[in-house]
Amino acid sequence: MYFFNSKVANLHRIFDQNERKDFLRLDLNENPGGLPENFIKKVLDGVTPQLVSQYPETKHFSEVLAKHLGTDISHLCLVNGSAEGIRYIIQAFTSENGRIVGVVPSYFMFQVYSEMYGRNFVKVPYNEDLTMDVDNIIAEMTGDTQLLILLNPNNPMGNVYTDAEFEKILKVAKEKEITVLVDEAYHYFYPKTFIKYALNGEHIFITRTFSKLFSMAGCRLGYVVGWAEGVRMVQKLCTPHNTNAFAMRIAEAVLETPGMLDELIAKFTEGRKFLVDWLDRNGYPHVGEAGNFIFIKPKTDAAAIVDRMKEEKKILIKVYPGVGKFGNCLRVSIGEKVYMQRFVDALLELDK
Ligand SMILES: Cc1ncc(COP(=O)(O)O)c(C=O)c1O
């Protein structure tokens, strides 16, 4: 009899995201403007036939990245997008039926991977006022919990944790021997990081991506930071040569070009200020702009606005139903001012 893994067969995945190139995409938290065009051209100018023909070398780029993070390469594992790193942490640090605790709503792949591997994902919901109670997280950190997943800041809620809150959680995690994963995909938009805990302690991982501020979602590159033994476990799960040579080349150029990160942050900050000021002036409640996205409560039906944005304005945004006291909301990725202008012009016309 042919065998089907029922966990895979029953898994719900989304495969309809491949005909979107003509849209202004503000639904996946990409950078709509991307890196400067002349910068990309310059980086690609140096591409040799060997860069394409040979399996990628990771040591040099790992060293560049380790230097940027103030660590050494034993604490780093490069992955094909941070979603890959998250998957390996779940595989390596939880067991069949193992208990994983995570806040909801958040990045959906935590639940997808938990289901894929037959783990028990326990949800800690947000409060009605869209805040997260650290004590509610701690209450779910039972003795049989294997992994706690936090996001700093969270996508889509945009909440963050103070040092005191994080340390309170870590203390319980240590006592109960629970591995902690902190997803920092939206680091740089929100500068506070818990990376020092992952570099100096054990059983704490940080995952980060080049898809967001670095504007390289099309290249697939991310990394896992942790204690050396934990990182080696993650490395063992990676497919051979999982890291793309082009991605590492572009990421290295971003890191080594003076002012490039600052320029990206400045353009983003200008776009965010423009959008937030506009929303305030026009009476739109909004929340959660710690990352490169924001929840907006529209004046009329959120789902209808999302549909009309797509059909009439060629703009993709997301609807989030039942966002606490906000009800049905729009989640919109934040980018440079020119794209935010296009979005608010469309909202003004459609939301009445
Ligand atoms: C919170 C969070 N983590 C991870 C990811 C995955 O990023 P990557 O492109 O590195 O796989 C995303 C993507 O949107 C995200 O929102």
# chains A, B, ... in the order shown; residues from 1 in each chain; ligands from 1
$ residues_near_ligand --ligand "ligand 1" --cutoff "6 Å" --atoms "only C-alpha atoms and all ligand atoms" --output "ChimeraX atom specification"
/A:28,81-83,107,155,183,185,209,211,217,222
$ residues_around --residues "Asp27 of chain A" --least-positions-apart "4" --cutoff "7 Å" --atoms "only C-alpha atoms" --output "list of chain:residue names"
A:Leu316, A:Ile317, A:Lys318, A:Val332, A:Ser333
$ atom_distance --atom1 "atom CA of Val79 of chain A" --atom2 "atom CA of Pro56 of chain A"
12.5 Å
$ residues_around --residues "Ile14 of chain A" --least-positions-apart "4" --cutoff "12 Å" --atoms "only C-alpha atoms" --output "number ranges by chain"
A: 18, 108-109, 112
$ write_last_selection --atoms "N, CA and C atoms" --output "PDB file, in the first residue's frame"
ATOM      1  N   ASN A  18       1.497  33.759  -6.765  1.00  0.00           N
ATOM      2  CA  ASN A  18       2.474  33.825  -7.847  1.00  0.00           C
ATOM      3  C   ASN A  18       2.050  34.652  -9.052  1.00  0.00           C
ATOM      4  N   PHE A 108       2.014  32.816  10.815  1.00  0.00           N
ATOM      5  CA  PHE A 108       1.249  31.571  10.810  1.00  0.00           C
ATOM      6  C   PHE A 108       2.118  30.315  10.709  1.00  0.00           C
ATOM      7  N   MET A 109       3.347  30.455  10.219  1.00  0.00           N
ATOM      8  CA  MET A 109       4.164  29.255   9.997  1.00  0.00           C
ATOM      9  C   MET A 109       4.500  28.513  11.296  1.00  0.00           C
ATOM     10  N   VAL A 112       1.814  26.112  11.359  1.00  0.00           N
ATOM     11  CA  VAL A 112       1.919  25.172  10.228  1.00  0.00           C
ATOM     12  C   VAL A 112       2.994  24.116  10.520  1.00  0.00           C
TER      13      VAL A 112
END
$ residues_around --residues "segment 3-9 of chain A" --least-positions-apart "3" --cutoff "8 Å" --atoms "only C-alpha atoms" --output "list in words"
Glu115, Met116, Tyr117 and Gly118 of chain A
$ write_last_selection --atoms "C-alpha atoms" --output "JSON list (two decimals), in the first residue's frame"
[["chain", "number", "residue", "atom", "x", "y", "z"],
["A", 115, "GLU", "CA", 1.01, 20.65, 12.62],
["A", 116, "MET", "CA", 3.44, 19.30, 10.02],
["A", 117, "TYR", "CA", 5.47, 17.56, 12.72],
["A", 118, "GLY", "CA", 2.57, 16.58, 14.96]]
$ residues_around --residues "segment 191-204 of chain A" --least-positions-apart "3" --cutoff "8 Å" --atoms "only C-alpha atoms" --output "PyMOL selection string"
chain A and resi 71+75+152+178-182+184+187-188+225-227+230
$ atom_distance --atom1 "atom CA of Glu167 of chain A" --atom2 "atom CA of Ser74 of chain A"
24.4 Å
$ residues_around --residues "Gly288 of chain A" --least-positions-apart "4" --cutoff "7 Å" --atoms "only C-alpha atoms" --output "number ranges by chain"
A: 157-159, 294-295
$ write_last_selection --atoms "N, CA and C atoms" --output "mmCIF file, in the first residue's frame"
data_model
loop_
_atom_site.group_PDB
_atom_site.id
_atom_site.type_symbol
_atom_site.label_atom_id
_atom_site.label_comp_id
_atom_site.auth_asym_id
_atom_site.auth_seq_id
_atom_site.Cartn_x
_atom_site.Cartn_y
_atom_site.Cartn_z
ATOM 1 N N MET A 157 0.625 41.977 15.429
ATOM 2 C CA MET A 157 0.098 42.849 16.493
ATOM 3 C C MET A 157 1.011 44.033 16.795
ATOM 4 N N GLY A 158 2.294 43.890 16.469
ATOM 5 C CA GLY A 158 3.219 45.008 16.645
ATOM 6 C C GLY A 158 3.630 45.252 18.085
ATOM 7 N N ASN A 159 3.242 44.350 19.005
ATOM 8 C CA ASN A 159 3.627 44.601 20.409
ATOM 9 C C ASN A 159 5.075 44.172 20.644
ATOM 10 N N ILE A 294 1.120 48.028 9.731
ATOM 11 C CA ILE A 294 0.237 48.752 10.650
ATOM 12 C C ILE A 294 -1.183 48.203 10.498
ATOM 13 N N PHE A 295 -1.916 48.170 11.598
ATOM 14 C CA PHE A 295 -3.343 47.829 11.562
ATOM 15 C C PHE A 295 -4.133 49.123 11.470
#
$ residues_around --residues "Met248 of chain A" --least-positions-apart "6" --cutoff "12 Å" --atoms "only C-alpha atoms" --output "MDAnalysis selection string"
chainID A and resid 43:44 47 51 56:65 78:81 210 214 216 219:223 242 254:256
$ closest_residue --among "A:Ile206, A:Val160, A:Ile86, A:Val103" --to "Asn136 of chain A" --atoms "only C-alpha atoms"
A:Val103
$ atom_distance --atom1 "atom CA of Leu151 of chain A" --atom2 "atom CA of Leu170 of chain A"
13.9 Å
$ select_by_dssp --residues "segment 3-158 of chain A" --states "strand (DSSP E or B)" --output "list in words"
Leu24, Arg25, Leu76, Cys77, Leu78, Val79, Arg99, Ile100, Val101, Gly102, Val103, Val104, Asn120, Phe121, Val122, Lys123, Val124, Pro125, Thr145, Gln146, Leu147, Leu148, Ile149, Leu150 and Leu151 of chain A
$ write_last_selection --atoms "N, CA and C atoms" --output "PDB file, in the first residue's frame"
ATOM      1  N   LEU A  24       0.834  46.785  -6.509  1.00  0.00           N
ATOM      2  CA  LEU A  24       1.595  47.374  -5.411  1.00  0.00           C
ATOM      3  C   LEU A  24       1.324  46.468  -4.211  1.00  0.00           C
ATOM      4  N   ARG A  25       2.354  45.741  -3.793  1.00  0.00           N
ATOM      5  CA  ARG A  25       2.167  44.694  -2.778  1.00  0.00           C
ATOM      6  C   ARG A  25       2.433  45.243  -1.389  1.00  0.00           C
ATOM      7  N   LEU A  76      26.141  31.262  14.722  1.00  0.00           N
ATOM      8  CA  LEU A  76      25.311  31.642  13.572  1.00  0.00           C
ATOM      9  C   LEU A  76      25.031  30.472  12.649  1.00  0.00           C
ATOM     10  N   CYS A  77      23.799  30.368  12.184  1.00  0.00           N
ATOM     11  CA  CYS A  77      23.517  29.409  11.106  1.00  0.00           C
ATOM     12  C   CYS A  77      22.727  30.152  10.029  1.00  0.00           C
ATOM     13  N   LEU A  78      23.267  30.177   8.823  1.00  0.00           N
ATOM     14  CA  LEU A  78      22.556  30.822   7.708  1.00  0.00           C
ATOM     15  C   LEU A  78      21.465  29.884   7.216  1.00  0.00           C
ATOM     16  N   VAL A  79      20.325  30.457   6.892  1.00  0.00           N
ATOM     17  CA  VAL A  79      19.205  29.643   6.401  1.00  0.00           C
ATOM     18  C   VAL A  79      18.555  30.314   5.191  1.00  0.00           C
ATOM     19  N   ARG A  99       4.839  20.007  23.460  1.00  0.00           N
ATOM     20  CA  ARG A  99       4.050  21.223  23.694  1.00  0.00           C
ATOM     21  C   ARG A  99       4.853  22.458  23.283  1.00  0.00           C
ATOM     22  N   ILE A 100       4.256  23.226  22.371  1.00  0.00           N
ATOM     23  CA  ILE A 100       4.857  24.490  21.930  1.00  0.00           C
ATOM     24  C   ILE A 100       3.890  25.602  22.319  1.00  0.00           C
ATOM     25  N   VAL A 101       4.391  26.635  22.980  1.00  0.00           N
ATOM     26  CA  VAL A 101       3.515  27.752  23.373  1.00  0.00           C
ATOM     27  C   VAL A 101       3.860  28.963  22.513  1.00  0.00           C
ATOM     28  N   GLY A 102       2.823  29.606  21.978  1.00  0.00           N
ATOM     29  CA  GLY A 102       3.054  30.795  21.162  1.00  0.00           C
ATOM     30  C   GLY A 102       1.879  31.742  21.234  1.00  0.00           C
ATOM     31  N   VAL A 103       2.134  33.030  21.004  1.00  0.00           N
ATOM     32  CA  VAL A 103       1.051  34.018  21.036  1.00  0.00           C
ATOM     33  C   VAL A 103       0.299  33.993  19.705  1.00  0.00           C
ATOM     34  N   VAL A 104      -0.992  34.301  19.765  1.00  0.00           N
ATOM     35  CA  VAL A 104      -1.795  34.412  18.538  1.00  0.00           C
ATOM     36  C   VAL A 104      -2.658  35.676  18.595  1.00  0.00           C
ATOM     37  N   ASN A 120       2.023  19.906  19.526  1.00  0.00           N
ATOM     38  CA  ASN A 120       0.821  20.468  20.141  1.00  0.00           C
ATOM     39  C   ASN A 120       1.049  21.959  20.376  1.00  0.00           C
ATOM     40  N   PHE A 121       0.494  22.811  19.485  1.00  0.00           N
ATOM     41  CA  PHE A 121       0.710  24.262  19.579  1.00  0.00           C
ATOM     42  C   PHE A 121      -0.342  24.872  20.494  1.00  0.00           C
ATOM     43  N   VAL A 122       0.084  25.432  21.610  1.00  0.00           N
ATOM     44  CA  VAL A 122      -0.844  26.025  22.585  1.00  0.00           C
ATOM     45  C   VAL A 122      -0.843  27.543  22.398  1.00  0.00           C
ATOM     46  N   LYS A 123      -2.058  28.100  22.186  1.00  0.00           N
ATOM     47  CA  LYS A 123      -2.162  29.519  21.825  1.00  0.00           C
ATOM     48  C   LYS A 123      -2.360  30.414  23.042  1.00  0.00           C
ATOM     49  N   VAL A 124      -1.599  31.484  23.098  1.00  0.00           N
ATOM     50  CA  VAL A 124      -1.838  32.521  24.116  1.00  0.00           C
ATOM     51  C   VAL A 124      -2.417  33.733  23.383  1.00  0.00           C
ATOM     52  N   PRO A 125      -3.721  33.993  23.570  1.00  0.00           N
ATOM     53  CA  PRO A 125      -4.352  35.082  22.800  1.00  0.00           C
ATOM     54  C   PRO A 125      -4.042  36.470  23.356  1.00  0.00           C
ATOM     55  N   THR A 145       6.202  21.822  28.703  1.00  0.00           N
ATOM     56  CA  THR A 145       6.386  22.664  27.509  1.00  0.00           C
ATOM     57  C   THR A 145       7.832  22.528  27.026  1.00  0.00           C
ATOM     58  N   GLN A 146       7.997  22.386  25.725  1.00  0.00           N
ATOM     59  CA  GLN A 146       9.355  22.222  25.182  1.00  0.00           C
ATOM     60  C   GLN A 146       9.879  23.495  24.525  1.00  0.00           C
ATOM     61  N   LEU A 147       8.970  24.264  23.937  1.00  0.00           N
ATOM     62  CA  LEU A 147       9.418  25.454  23.187  1.00  0.00           C
ATOM     63  C   LEU A 147       8.430  26.595  23.396  1.00  0.00           C
ATOM     64  N   LEU A 148       8.975  27.784  23.656  1.00  0.00           N
ATOM     65  CA  LEU A 148       8.150  29.002  23.707  1.00  0.00           C
ATOM     66  C   LEU A 148       8.555  29.875  22.527  1.00  0.00           C
ATOM     67  N   ILE A 149       7.567  30.348  21.778  1.00  0.00           N
ATOM     68  CA  ILE A 149       7.872  31.209  20.632  1.00  0.00           C
ATOM     69  C   ILE A 149       7.328  32.611  20.886  1.00  0.00           C
ATOM     70  N   LEU A 150       8.234  33.578  20.850  1.00  0.00           N
ATOM     71  CA  LEU A 150       7.843  34.986  20.987  1.00  0.00           C
ATOM     72  C   LEU A 150       8.304  35.735  19.755  1.00  0.00           C
ATOM     73  N   LEU A 151       7.697  36.895  19.514  1.00  0.00           N
ATOM     74  CA  LEU A 151       8.135  37.726  18.394  1.00  0.00           C
ATOM     75  C   LEU A 151       8.446  39.115  18.928  1.00  0.00           C
TER      76      LEU A 151
END
$ select_by_dssp --residues "segment 155-302 of chain A" --states "alpha helix (DSSP H)" --output "ChimeraX atom specification"
/A:163-176,195-200,228-237,245-256,260-281,302
